[in-house]
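Please read the structure below before turning to the comments.
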Amino acid sequence: MAQRSVGENPSDPSVDIQANGNIHIEAYDNAVMAGAINNNQGTAELKMTAGGTIDISSQSGAAVHSFDKSGRYESDGPTFIDIEGTKGVSLKGTYGVFTTRNLAGDSNLNITSQEGDVYIEGSQYGLVVQSSGNNAYSDKTNINGTITGNNVTIANTNSDNYAVSINNSEVTLATNRDGGTIALQSQSGKAANIINKNPNSSKGSLTIGDGEHETNFVSNGSLSIGKNATVTVADKTTTYVDVNALKDKPFIQNDGGGTFQADAGAKLIVDNATAGYQLFSDATKVTNWTAANTSFDNAFLTLNDNGTVTTVSAEEAAKSLGAFAAHSIALAATTANDTAITPLLKEGADAYNSAVNIGELGGAAHSTYTVSNLFTDAIAAHNAAQDKDIWAQYLHSKESVDGFGLAGTSANYDGQYNGVIVGGDIIRSQNKALGLAFSYTDGDISGSNGTAYTKNDAEYYGVALYGRLENPGYTLLGDISYLGGSHDISQYVAGQHVTAKPDTEAWSVGVKALRDYEVGSGTVTPYIGVRYLRLTTDQYTSSLGIHYDSETQNLFLLPVGVDYSADIDHGSWKLRPYIGAGYIWTMGDRNGDQTISYGNAADTIAFDTADSGSFLAKAGITADWNTFSFGIGYAYQKSDNVKNNVWMANASFKF
């Protein structure tokens with residue numbers, strides 16, 4: 001304990017501890033003290049300097065305590081505590097630091113670390129700097145404290161009290177390097193209480209930051225400002241507030257007319273706020289942050305002049321939040337504090353947009369388009385033959401989609417389809433044929449856009465009526481088909497599991513004209529065709545509560561190409577190898593526009609279903625033996641954003 005000293009130079013510290021290394025002090029009661037409790041001339045000053053760290057702890061008292069009254073001993077003399085640990089300072093006790101005055105006079109507190117952090121912890125209070133007693137509110141009482149380090153933390157670990165308590169005193173918390181953090185931690189959700197009961201004094205103040213260094217201020221509790229008291233957040237200081245830590249209380253609680261000032265260069269970042277939350281309890285008496293320098297983890301929130309959190313306007317959302325799809329739904333969900341959608345908005349546009357596009361990130365429309373084309377291609381390939389038969393084909397397709405445009409994001413996924421097609425010719429004469437085919441395909445579509453992983457377990461059932469008409473010089477092939485798809489889509493995004501179960505339909509009508517030319521021992525068959533495809537995604541609702549209206553797309557496909565085949569007799573077998581190449585133009589509604597809604601809010605989202613054209617190459621072989629025919633084949637189709645590899649195996653029985 002340092003007391004007022006006598007000697008040749010009373011201004012010298014009465015206790016001066018210096019160490020090149022570390023200082024470590026443990027005590028049961030108050031550990032380090034400065035007490036002005038005698039009538040000597042000097043200052044009750046304790047100075048402690050270490051080239052390393054300073055670590056002071058108390059089991060049941062204050063780690064650092066200064067006072068001017070103890071029992072019957074008192075003095076109006078000054079007190080001064082100066083603790084400087086170059087590599088760091090740690091102060092722990094029932095009170096980390098307790099500075100108080102009963103009488104008029106001066107008390108000063110300086111705790112600093114040039115190269116390390118300052119940590120102050122108390123089970124009751126972290127930091128107390130106050131006037132008390134009969135003369136507590138005299139203008140002649142001056143208590144000043146400055147705490148500075150690379151990072152400064154003041155914590156209350158085990159009580160319902162504040163981390164910081166200031167009464168008729170002036171305290172500054174600052175960092176001495178850019179990027180440093182000042183943190184107030186309290187188990188009670190109450191970070192600091194600043195009061196000044198002297199109506200003629202403005203000494204009750206807390207200043208965060210020095211205005212020179214870029215500083216982060218993190219508070220996990222509220223700031224209570226009493227009458228005549230002031231809290232200032234300095235320039236270049238960014239305050240981070242987690243509303244969950246405030247226990248439903250405002251961050252700034254203005255208890256009776258105090259002043260809160262955020263300097264022009266100060267910023268505020270708020271997490272976990274909801275629409276309607278009151279960030280400041282009495283904003284008419286508090287000078288606070290404005291919408292211009294306040295940001296939220298949900299970009300659709302803003303701060304009103306009265307300190308209330310609300311949603312941005314629809315115009316502002318459209319103007320500045322273009323990365324987010326479906327603004328109306330985002331605004332409605334934010335206003336309603338939707339517990340499923342707003343967490344996605346907090347994660348950012350990629351997470352939210354992924355959830356909004358769950359149907360097409362799962363490939364609902366495009367995969368139906370693909371499977372429908374696989375079905376009709378198999379029918380056309382069979383229909384080109386001239387034998388009456390019962391036939392079946394197994395197909396295995398591996399498709400890669402990379403870069404399909406969606407609302408605010410893009411689709412990247414792999415699809416795998418395993419299907420069986422069974423058909424039979426009802427009529428097969430010399431120049432005409434009529435048949436019926438059925439199909440079942442199992443689809444497994446999965447992929448990630450870097451933010452969301454989406455998986456679609458799909459099934460497709462199809463039926464088709466096909467026909468053939470031979471004319472002099474050319475042959476016409478035609479079919480009418482229907483394909484229905486059911487999709488069970490699961491998406492994992494930002495810690496959430498989102499689901500949707502859309503159904504799709506594809507009606508298709510196609511005609512193909514081809515002509516055979518004998519070339520040597522083989523046949524060259526050029527062809528051209530046209531196909532109309534009506535693709536519908538039925539209405540559905542995702543687990544987020546977003547409803548998707550039915551969307552119908554009308555597509556036209558124009559295939560053109562040439563095939564080459566040869567007949568090779570090999571004993572009782574006839575072998576027919578073939579190759580082919582072509583190009584398929586796709587026109588019409590290649591891009592869907594789907595209306596989605598949430599409550600009374602509605603938006604339209606666009607998505608790509610097909611590229612404008614694709615190249616096709618194929619090869620295979622068929623072997624005939626008596627009335628049986630067997631074949632295998634491979635086809636490769638590529639467009640700007642899609643690649644598809646198809647393996648086929650087929651068998652038929654002629655009759």
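Within each chain, counting starts at residue 1; across the structure tokens, chains are named A, B, ... in the order shown, with ligands numbered 1 upward in that order.
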Could you find all residues in segment 71-156 of chain A that DSSP calls strand (DSSP E or B) from the backbone, and write them as an NGL selection string? :A and (73-74 or 79-85 or 88-101 or 105-112 or 118-131 or 141-149 or 152-156)
May I have all residues of segment 150-395 of chain A that DSSP, computed from the backbone, assigns to alpha helix (DSSP H), given as JSON, numbers by chain? {"A": [314, 315, 316, 317, 318, 319, 320, 327, 328, 329, 330, 331, 332, 333, 334, 335, 342, 343, 344, 345, 346, 347, 349, 350, 351, 352, 353, 354, 355, 356, 358, 359, 360, 361, 364, 365, 366, 367, 368, 369, 370, 371, 372, 373, 374, 375, 376, 377, 378, 379, 380, 381, 382, 383]}
Hey, which bits of segment 537-580 of chain A sit within 10 Å of segment 334-344 of chain A, and for each residue what's the closest pair of atoms and how far apart in Å (one decimal), counting only C-alpha atoms, rows by chain and increasing number, as CSV?
```
residue,atom,partner,partner_atom,distance
A:Ser543,CA,A:Ala340,CA,8.9
A:Leu544,CA,A:Ala340,CA,6.1
A:Gly545,CA,A:Ala340,CA,8.7
A:Ile546,CA,A:Ile341,CA,9.3
```
Would you pick out the contacts of Gly122 of chain A at 8 Å or less, using only C-alpha atoms, so that residues sharing its chain but fewer than 3 positions from it are not included, and give the list as a ChimeraX atom specification? /A:92-97,125-127,155-158,163
Residues of the last selection are to be written out with N, CA and C atoms, as a PDB file, in the first residue's frame.
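This went into part-v3.pdb:
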```
ATOM      1  N   LYS A  92      -7.063  -9.439 -11.461  1.00  0.00           N
ATOM      2  CA  LYS A  92      -8.232 -10.276 -11.176  1.00  0.00           C
ATOM      3  C   LYS A  92      -8.517 -10.272  -9.680  1.00  0.00           C
ATOM      4  N   GLY A  93      -9.805 -10.171  -9.350  1.00  0.00           N
ATOM      5  CA  GLY A  93     -10.220 -10.232  -7.953  1.00  0.00           C
ATOM      6  C   GLY A  93     -11.721 -10.151  -7.849  1.00  0.00           C
ATOM      7  N   THR A  94     -12.216  -9.966  -6.599  1.00  0.00           N
ATOM      8  CA  THR A  94     -13.633  -9.658  -6.462  1.00  0.00           C
ATOM      9  C   THR A  94     -13.942  -8.379  -7.224  1.00  0.00           C
ATOM     10  N   TYR A  95     -13.014  -7.436  -7.130  1.00  0.00           N
ATOM     11  CA  TYR A  95     -12.976  -6.259  -7.994  1.00  0.00           C
ATOM     12  C   TYR A  95     -11.644  -6.297  -8.718  1.00  0.00           C
ATOM     13  N   GLY A  96     -11.664  -6.124 -10.022  1.00  0.00           N
ATOM     14  CA  GLY A  96     -10.385  -6.027 -10.717  1.00  0.00           C
ATOM     15  C   GLY A  96      -9.668  -4.753 -10.331  1.00  0.00           C
ATOM     16  N   VAL A  97     -10.362  -3.629 -10.463  1.00  0.00           N
ATOM     17  CA  VAL A  97      -9.838  -2.322 -10.063  1.00  0.00           C
ATOM     18  C   VAL A  97     -10.957  -1.580  -9.344  1.00  0.00           C
ATOM     19  N   TYR A 125     -17.405  -6.690  -9.817  1.00  0.00           N
ATOM     20  CA  TYR A 125     -17.242  -5.660 -10.844  1.00  0.00           C
ATOM     21  C   TYR A 125     -15.848  -5.801 -11.429  1.00  0.00           C
ATOM     22  N   GLY A 126     -15.732  -5.542 -12.716  1.00  0.00           N
ATOM     23  CA  GLY A 126     -14.405  -5.500 -13.304  1.00  0.00           C
ATOM     24  C   GLY A 126     -13.688  -4.216 -12.941  1.00  0.00           C
ATOM     25  N   LEU A 127     -14.363  -3.085 -13.187  1.00  0.00           N
ATOM     26  CA  LEU A 127     -13.760  -1.777 -12.952  1.00  0.00           C
ATOM     27  C   LEU A 127     -14.779  -0.886 -12.256  1.00  0.00           C
ATOM     28  N   ALA A 155     -14.120  -7.451 -17.528  1.00  0.00           N
ATOM     29  CA  ALA A 155     -15.118  -8.510 -17.423  1.00  0.00           C
ATOM     30  C   ALA A 155     -15.669  -8.607 -16.012  1.00  0.00           C
ATOM     31  N   ASN A 156     -16.962  -8.898 -15.945  1.00  0.00           N
ATOM     32  CA  ASN A 156     -17.644  -9.275 -14.709  1.00  0.00           C
ATOM     33  C   ASN A 156     -18.102 -10.709 -14.908  1.00  0.00           C
ATOM     34  N   THR A 157     -17.591 -11.619 -14.075  1.00  0.00           N
ATOM     35  CA  THR A 157     -17.747 -13.040 -14.386  1.00  0.00           C
ATOM     36  C   THR A 157     -18.830 -13.759 -13.610  1.00  0.00           C
ATOM     37  N   ASN A 158     -19.275 -13.214 -12.479  1.00  0.00           N
ATOM     38  CA  ASN A 158     -20.132 -14.049 -11.635  1.00  0.00           C
ATOM     39  C   ASN A 158     -21.072 -13.225 -10.769  1.00  0.00           C
ATOM     40  N   ALA A 163     -19.937  -4.727 -15.665  1.00  0.00           N
ATOM     41  CA  ALA A 163     -18.495  -4.890 -15.844  1.00  0.00           C
ATOM     42  C   ALA A 163     -17.767  -3.619 -15.453  1.00  0.00           C
TER      43      ALA A 163
END
```
Would you list the contacts of Val15 of chain A as a CSV table (one decimal) with all heavy atoms, in the first residue's frame, taking every protein, DNA or RNA residue within 12 Å and counting only C-alpha atoms, but skipping same-chain residues closer than 4 positions in sequence?
```csv
chain,number,residue,atom,x,y,z
A,1,MET,N,0.8,-1.2,0.0
A,1,MET,CA,0.0,0.0,0.0
A,1,MET,C,0.9,1.2,0.0
A,1,MET,O,1.8,1.4,0.8
A,1,MET,CB,-0.9,0.0,1.2
A,1,MET,CG,-1.8,1.3,1.2
A,1,MET,SD,-3.1,1.2,2.5
A,1,MET,CE,-2.1,1.4,4.0
A,2,ALA,N,0.6,2.1,-0.9
A,2,ALA,CA,1.3,3.4,-1.0
A,2,ALA,C,0.4,4.4,-0.2
A,2,ALA,O,-0.8,4.5,-0.3
A,2,ALA,CB,1.5,3.9,-2.4
A,3,GLN,N,1.1,5.2,0.7
A,3,GLN,CA,0.5,6.3,1.5
A,3,GLN,C,1.1,7.6,1.2
A,3,GLN,O,2.2,7.7,0.5
A,3,GLN,CB,0.5,6.0,3.0
A,3,GLN,CG,-0.3,4.7,3.4
A,3,GLN,CD,-0.4,4.6,4.9
A,3,GLN,OE1,-0.5,5.6,5.6
A,3,GLN,NE2,-0.3,3.3,5.3
A,4,ARG,N,0.5,8.7,1.7
A,4,ARG,CA,1.1,10.0,1.5
A,4,ARG,C,2.5,10.0,2.2
A,4,ARG,O,2.6,9.6,3.3
A,4,ARG,CB,0.2,11.1,2.0
A,4,ARG,CG,-1.2,11.1,1.4
A,4,ARG,CD,-2.0,12.3,1.9
A,4,ARG,NE,-1.5,13.5,1.3
A,4,ARG,CZ,-2.0,14.7,1.7
A,4,ARG,NH1,-2.9,14.8,2.6
A,4,ARG,NH2,-1.5,15.8,1.2
A,5,SER,N,3.5,10.5,1.4
A,5,SER,CA,4.9,10.4,1.9
A,5,SER,C,5.4,11.7,2.4
A,5,SER,O,4.8,12.8,2.1
A,5,SER,CB,5.8,9.8,0.8
A,5,SER,OG,5.7,10.7,-0.3
A,10,PRO,N,8.3,15.1,-2.0
A,10,PRO,CA,7.0,14.4,-1.7
A,10,PRO,C,6.2,14.0,-3.0
A,10,PRO,O,5.3,13.2,-2.9
A,10,PRO,CB,6.2,15.5,-0.9
A,10,PRO,CG,7.2,16.4,-0.4
A,10,PRO,CD,8.3,16.5,-1.4
A,11,SER,N,6.6,14.6,-4.1
A,11,SER,CA,5.9,14.2,-5.4
A,11,SER,C,6.3,12.9,-5.9
A,11,SER,O,5.7,12.4,-6.9
A,11,SER,CB,6.1,15.3,-6.4
A,11,SER,OG,7.5,15.4,-6.8
A,32,VAL,N,-3.0,-4.6,-4.2
A,32,VAL,CA,-2.1,-3.4,-4.5
A,32,VAL,C,-3.0,-2.2,-4.2
A,32,VAL,O,-4.1,-2.1,-4.7
A,32,VAL,CB,-1.6,-3.4,-5.9
A,32,VAL,CG1,-1.0,-2.1,-6.2
A,32,VAL,CG2,-0.7,-4.6,-6.2
A,33,MET,N,-2.5,-1.3,-3.3
A,33,MET,CA,-3.4,-0.2,-2.9
A,33,MET,C,-2.6,1.1,-2.9
A,33,MET,O,-1.4,1.1,-2.7
A,33,MET,CB,-3.9,-0.5,-1.4
A,33,MET,CG,-4.8,-1.7,-1.3
A,33,MET,SD,-5.2,-2.1,0.4
A,33,MET,CE,-3.6,-2.9,0.8
A,34,ALA,N,-3.4,2.2,-3.0
A,34,ALA,CA,-2.9,3.5,-2.7
A,34,ALA,C,-3.9,4.2,-1.8
A,34,ALA,O,-5.1,4.4,-2.3
A,34,ALA,CB,-2.7,4.3,-4.0
A,35,GLY,N,-3.5,4.5,-0.6
A,35,GLY,CA,-4.5,5.1,0.3
A,35,GLY,C,-4.0,6.4,0.9
A,35,GLY,O,-3.0,6.5,1.6
A,42,GLY,N,2.7,14.6,0.6
A,42,GLY,CA,2.9,14.0,-0.7
A,42,GLY,C,1.6,13.3,-1.2
A,42,GLY,O,0.5,13.3,-0.6
A,43,THR,N,1.8,12.7,-2.4
A,43,THR,CA,0.7,11.9,-3.0
A,43,THR,C,0.8,10.4,-2.6
A,43,THR,O,1.9,9.9,-2.6
A,43,THR,CB,0.8,12.0,-4.5
A,43,THR,OG1,0.7,13.4,-4.9
A,43,THR,CG2,-0.3,11.3,-5.2
A,44,ALA,N,-0.3,9.8,-2.3
A,44,ALA,CA,-0.4,8.4,-2.1
A,44,ALA,C,-0.3,7.7,-3.5
A,44,ALA,O,-1.3,7.5,-4.2
A,44,ALA,CB,-1.6,8.0,-1.4
A,45,GLU,N,0.9,7.5,-4.0
A,45,GLU,CA,1.2,7.1,-5.3
A,45,GLU,C,1.9,5.7,-5.4
A,45,GLU,O,2.9,5.6,-4.7
A,45,GLU,CB,2.0,8.1,-6.1
A,45,GLU,CG,2.2,7.6,-7.6
A,45,GLU,CD,3.0,8.7,-8.4
A,45,GLU,OE1,3.2,9.8,-7.9
A,45,GLU,OE2,3.3,8.3,-9.6
A,46,LEU,N,1.3,4.8,-6.1
A,46,LEU,CA,2.0,3.5,-6.4
A,46,LEU,C,2.3,3.4,-7.8
A,46,LEU,O,1.4,3.5,-8.7
A,46,LEU,CB,1.1,2.4,-5.9
A,46,LEU,CG,1.7,1.0,-6.1
A,46,LEU,CD1,1.2,0.1,-4.9
A,46,LEU,CD2,1.3,0.3,-7.4
A,47,LYS,N,3.5,3.2,-8.1
A,47,LYS,CA,4.0,3.0,-9.5
A,47,LYS,C,4.6,1.7,-9.7
A,47,LYS,O,5.5,1.3,-8.9
A,47,LYS,CB,5.0,4.1,-9.9
A,47,LYS,CG,5.4,4.0,-11.4
A,47,LYS,CD,6.2,5.2,-11.8
A,47,LYS,CE,6.5,5.2,-13.3
A,47,LYS,NZ,7.3,6.4,-13.8
A,48,MET,N,4.2,0.9,-10.7
A,48,MET,CA,4.7,-0.4,-10.9
A,48,MET,C,5.0,-0.5,-12.4
A,48,MET,O,4.1,-0.3,-13.2
A,48,MET,CB,3.6,-1.4,-10.5
A,48,MET,CG,4.1,-2.9,-10.5
A,48,MET,SD,2.8,-4.0,-10.0
A,48,MET,CE,2.7,-3.5,-8.3
A,49,THR,N,6.2,-0.8,-12.7
A,49,THR,CA,6.7,-0.9,-14.1
A,49,THR,C,7.4,-2.2,-14.3
A,49,THR,O,8.3,-2.6,-13.5
A,49,THR,CB,7.6,0.3,-14.4
A,49,THR,OG1,7.0,1.5,-14.1
A,49,THR,CG2,8.0,0.3,-15.9
A,79,THR,N,-4.5,10.6,-4.7
A,79,THR,CA,-4.0,9.2,-4.9
A,79,THR,C,-3.7,9.0,-6.4
A,79,THR,O,-4.3,9.7,-7.3
A,79,THR,CB,-5.0,8.2,-4.5
A,79,THR,OG1,-6.2,8.3,-5.3
A,79,THR,CG2,-5.4,8.4,-3.0
A,80,PHE,N,-2.7,8.2,-6.6
A,80,PHE,CA,-2.3,7.9,-8.0
A,80,PHE,C,-1.8,6.5,-8.1
A,80,PHE,O,-0.9,6.1,-7.4
A,80,PHE,CB,-1.3,8.9,-8.5
A,80,PHE,CG,-0.9,8.8,-9.9
A,80,PHE,CD1,-1.8,8.2,-10.8
A,80,PHE,CD2,0.2,9.4,-10.4
A,80,PHE,CE1,-1.5,8.1,-12.2
A,80,PHE,CE2,0.5,9.4,-11.8
A,80,PHE,CZ,-0.3,8.7,-12.7
A,81,ILE,N,-2.4,5.7,-9.0
A,81,ILE,CA,-2.0,4.3,-9.3
A,81,ILE,C,-1.5,4.3,-10.8
A,81,ILE,O,-2.3,4.7,-11.7
A,81,ILE,CB,-3.0,3.3,-9.0
A,81,ILE,CG1,-3.2,3.1,-7.5
A,81,ILE,CG2,-2.7,2.0,-9.7
A,81,ILE,CD1,-4.1,2.0,-7.1
A,82,ASP,N,-0.3,3.9,-11.0
A,82,ASP,CA,0.3,3.9,-12.4
A,82,ASP,C,0.9,2.5,-12.6
A,82,ASP,O,1.9,2.1,-12.0
A,82,ASP,CB,1.3,5.0,-12.5
A,82,ASP,CG,1.9,5.0,-14.0
A,82,ASP,OD1,1.3,4.3,-14.8
A,82,ASP,OD2,2.8,5.8,-14.2
A,83,ILE,N,0.2,1.7,-13.4
A,83,ILE,CA,0.7,0.3,-13.6
A,83,ILE,C,1.0,0.2,-15.1
A,83,ILE,O,0.1,0.4,-16.0
A,83,ILE,CB,-0.4,-0.7,-13.2
A,83,ILE,CG1,-0.6,-0.7,-11.7
A,83,ILE,CG2,0.0,-2.1,-13.6
A,83,ILE,CD1,-1.7,-1.6,-11.2
```
Counting only C-alpha atoms, what is within 7 Å of Ser169 of chain A, bar same-chain residues fewer than 2 positions away, as an mmCIF file with all heavy atoms, in the first residue's frame?
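Writing done, so here's around-v2.cif:
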```cif
data_model
loop_
_atom_site.group_PDB
_atom_site.id
_atom_site.type_symbol
_atom_site.label_atom_id
_atom_site.label_comp_id
_atom_site.auth_asym_id
_atom_site.auth_seq_id
_atom_site.Cartn_x
_atom_site.Cartn_y
_atom_site.Cartn_z
ATOM 1 N N VAL A 129 -14.897 3.048 -10.691
ATOM 2 C CA VAL A 129 -14.253 4.352 -10.503
ATOM 3 C C VAL A 129 -15.358 5.300 -10.058
ATOM 4 O O VAL A 129 -16.228 5.654 -10.851
ATOM 5 C CB VAL A 129 -13.586 4.857 -11.798
ATOM 6 C CG1 VAL A 129 -12.852 6.166 -11.532
ATOM 7 C CG2 VAL A 129 -12.625 3.816 -12.355
ATOM 8 N N GLN A 130 -15.318 5.738 -8.752
ATOM 9 C CA GLN A 130 -16.484 6.443 -8.249
ATOM 10 C C GLN A 130 -16.160 7.390 -7.107
ATOM 11 O O GLN A 130 -15.169 7.230 -6.400
ATOM 12 C CB GLN A 130 -17.524 5.437 -7.763
ATOM 13 C CG GLN A 130 -17.104 4.660 -6.528
ATOM 14 C CD GLN A 130 -18.197 3.738 -6.016
ATOM 15 O OE1 GLN A 130 -19.075 3.340 -6.759
ATOM 16 N NE2 GLN A 130 -18.141 3.398 -4.736
ATOM 17 N N ASN A 142 -12.120 15.218 -8.270
ATOM 18 C CA ASN A 142 -11.686 14.908 -9.634
ATOM 19 C C ASN A 142 -11.078 13.502 -9.657
ATOM 20 O O ASN A 142 -10.027 13.269 -9.058
ATOM 21 C CB ASN A 142 -10.645 15.921 -10.112
ATOM 22 C CG ASN A 142 -11.186 17.329 -10.145
ATOM 23 O OD1 ASN A 142 -12.081 17.645 -10.910
ATOM 24 N ND2 ASN A 142 -10.644 18.192 -9.273
ATOM 25 N N ILE A 143 -11.761 12.597 -10.346
ATOM 26 C CA ILE A 143 -11.255 11.233 -10.493
ATOM 27 C C ILE A 143 -11.142 10.946 -11.978
ATOM 28 O O ILE A 143 -12.122 11.050 -12.718
ATOM 29 C CB ILE A 143 -12.185 10.205 -9.831
ATOM 30 C CG1 ILE A 143 -12.447 10.571 -8.371
ATOM 31 C CG2 ILE A 143 -11.587 8.809 -9.924
ATOM 32 C CD1 ILE A 143 -13.393 9.628 -7.666
ATOM 33 N N ASN A 144 -9.937 10.589 -12.408
ATOM 34 C CA ASN A 144 -9.677 10.330 -13.825
ATOM 35 C C ASN A 144 -8.981 8.985 -13.985
ATOM 36 O O ASN A 144 -8.066 8.655 -13.214
ATOM 37 C CB ASN A 144 -8.789 11.431 -14.419
ATOM 38 C CG ASN A 144 -9.478 12.771 -14.423
ATOM 39 O OD1 ASN A 144 -10.304 13.051 -15.279
ATOM 40 N ND2 ASN A 144 -9.148 13.623 -13.439
ATOM 41 N N ILE A 166 -19.106 3.658 -13.185
ATOM 42 C CA ILE A 166 -18.467 4.978 -13.100
ATOM 43 C C ILE A 166 -19.454 5.946 -12.456
ATOM 44 O O ILE A 166 -20.610 6.025 -12.865
ATOM 45 C CB ILE A 166 -18.063 5.486 -14.496
ATOM 46 C CG1 ILE A 166 -17.052 4.530 -15.134
ATOM 47 C CG2 ILE A 166 -17.511 6.903 -14.428
ATOM 48 C CD1 ILE A 166 -16.764 4.836 -16.586
ATOM 49 N N ASN A 167 -18.986 6.683 -11.443
ATOM 50 C CA ASN A 167 -19.818 7.666 -10.757
ATOM 51 C C ASN A 167 -19.006 8.933 -10.537
ATOM 52 O O ASN A 167 -17.999 8.914 -9.818
ATOM 53 C CB ASN A 167 -20.307 7.110 -9.415
ATOM 54 C CG ASN A 167 -21.163 8.101 -8.645
ATOM 55 O OD1 ASN A 167 -21.477 9.173 -9.139
ATOM 56 N ND2 ASN A 167 -21.519 7.746 -7.415
ATOM 57 N N VAL A 171 -13.420 8.371 -17.317
ATOM 58 C CA VAL A 171 -12.617 7.202 -17.668
ATOM 59 C C VAL A 171 -12.519 7.096 -19.185
ATOM 60 O O VAL A 171 -13.510 7.288 -19.897
ATOM 61 C CB VAL A 171 -13.238 5.909 -17.087
ATOM 62 C CG1 VAL A 171 -12.457 4.684 -17.554
ATOM 63 C CG2 VAL A 171 -13.271 5.974 -15.565
ATOM 64 N N LYS A 203 -18.692 15.426 -14.872
ATOM 65 C CA LYS A 203 -17.533 14.549 -14.740
ATOM 66 C C LYS A 203 -17.870 13.068 -14.856
ATOM 67 O O LYS A 203 -16.968 12.242 -14.867
ATOM 68 C CB LYS A 203 -16.836 14.821 -13.407
ATOM 69 C CG LYS A 203 -16.255 16.223 -13.305
ATOM 70 C CD LYS A 203 -15.665 16.466 -11.928
ATOM 71 C CE LYS A 203 -15.146 17.892 -11.814
ATOM 72 N NZ LYS A 203 -14.671 18.188 -10.448
ATOM 73 N N GLY A 204 -19.133 12.711 -14.900
ATOM 74 C CA GLY A 204 -19.473 11.303 -15.069
ATOM 75 C C GLY A 204 -19.406 10.934 -16.535
ATOM 76 O O GLY A 204 -20.353 11.183 -17.292
ATOM 77 N N SER A 205 -18.289 10.357 -16.969
ATOM 78 C CA SER A 205 -18.135 10.102 -18.405
ATOM 79 C C SER A 205 -17.305 8.858 -18.662
ATOM 80 O O SER A 205 -16.430 8.491 -17.880
ATOM 81 C CB SER A 205 -17.485 11.302 -19.097
ATOM 82 O OG SER A 205 -16.131 11.432 -18.703
#
```
Within 12 Å of segment 486-508 of chain A, which residues of segment 338-397 of chain A come that close, and what is the closest atom pair and distance in Å for each? Count only C-alpha atoms and give it as CSV.
```
residue,atom,partner,partner_atom,distance
A:Thr339,CA,A:Gln496,CA,11.1
A:Ala340,CA,A:Gln496,CA,8.2
A:Ile341,CA,A:Gln496,CA,9.8
A:Thr342,CA,A:Ala494,CA,11.2
A:Pro343,CA,A:Ala494,CA,8.0
A:Leu344,CA,A:Ala494,CA,6.6
A:Leu345,CA,A:Ala494,CA,9.9
A:Lys346,CA,A:Ala494,CA,9.5
A:Glu347,CA,A:Ala494,CA,6.8
A:Gly348,CA,A:Ala494,CA,9.6
A:Ala349,CA,A:Ala494,CA,11.4
A:Asp350,CA,A:Val493,CA,9.5
A:Ala351,CA,A:Val493,CA,6.2
A:Tyr352,CA,A:Val493,CA,8.6
A:Asn353,CA,A:Val493,CA,10.3
A:Ser354,CA,A:Val493,CA,7.7
A:Ala355,CA,A:Val498,CA,7.2
A:Val356,CA,A:Val498,CA,10.0
A:Asn357,CA,A:Gln491,CA,10.3
A:Ile358,CA,A:Gln491,CA,7.1
A:Gly359,CA,A:Ala500,CA,7.1
A:Glu360,CA,A:Ile489,CA,9.8
A:Leu361,CA,A:Gln491,CA,8.9
A:Gly362,CA,A:Ile489,CA,6.2
A:Gly363,CA,A:His487,CA,9.1
A:Ala364,CA,A:His487,CA,6.7
A:Ala365,CA,A:Thr504,CA,6.8
A:His366,CA,A:Thr504,CA,10.0
A:Ser367,CA,A:Thr504,CA,9.6
A:Thr368,CA,A:Thr504,CA,6.9
A:Tyr369,CA,A:Ala506,CA,7.2
A:Thr370,CA,A:Ala506,CA,10.2
A:Val371,CA,A:Ala506,CA,9.4
A:Ser372,CA,A:Ala506,CA,6.7
A:Asn373,CA,A:Ser508,CA,8.9
A:Leu374,CA,A:Ser508,CA,11.9
A:Phe375,CA,A:Ser508,CA,10.2
A:Thr376,CA,A:Ser508,CA,8.3
A:Asp377,CA,A:Ser508,CA,11.5
```
Mind checking which residues fall within 12 Å of Phe260 of chain A, counting only C-alpha atoms, ignoring those fewer than 4 positions away in the same chain, and posting them as number ranges by chain? A: 194, 204-208, 223-234, 251-255, 280-289
Counting only C-alpha atoms, closest pick from A:Ala245, A:Ile596, A:Leu575, A:Val152 relative to Ser188 of chain A is A:Ala245
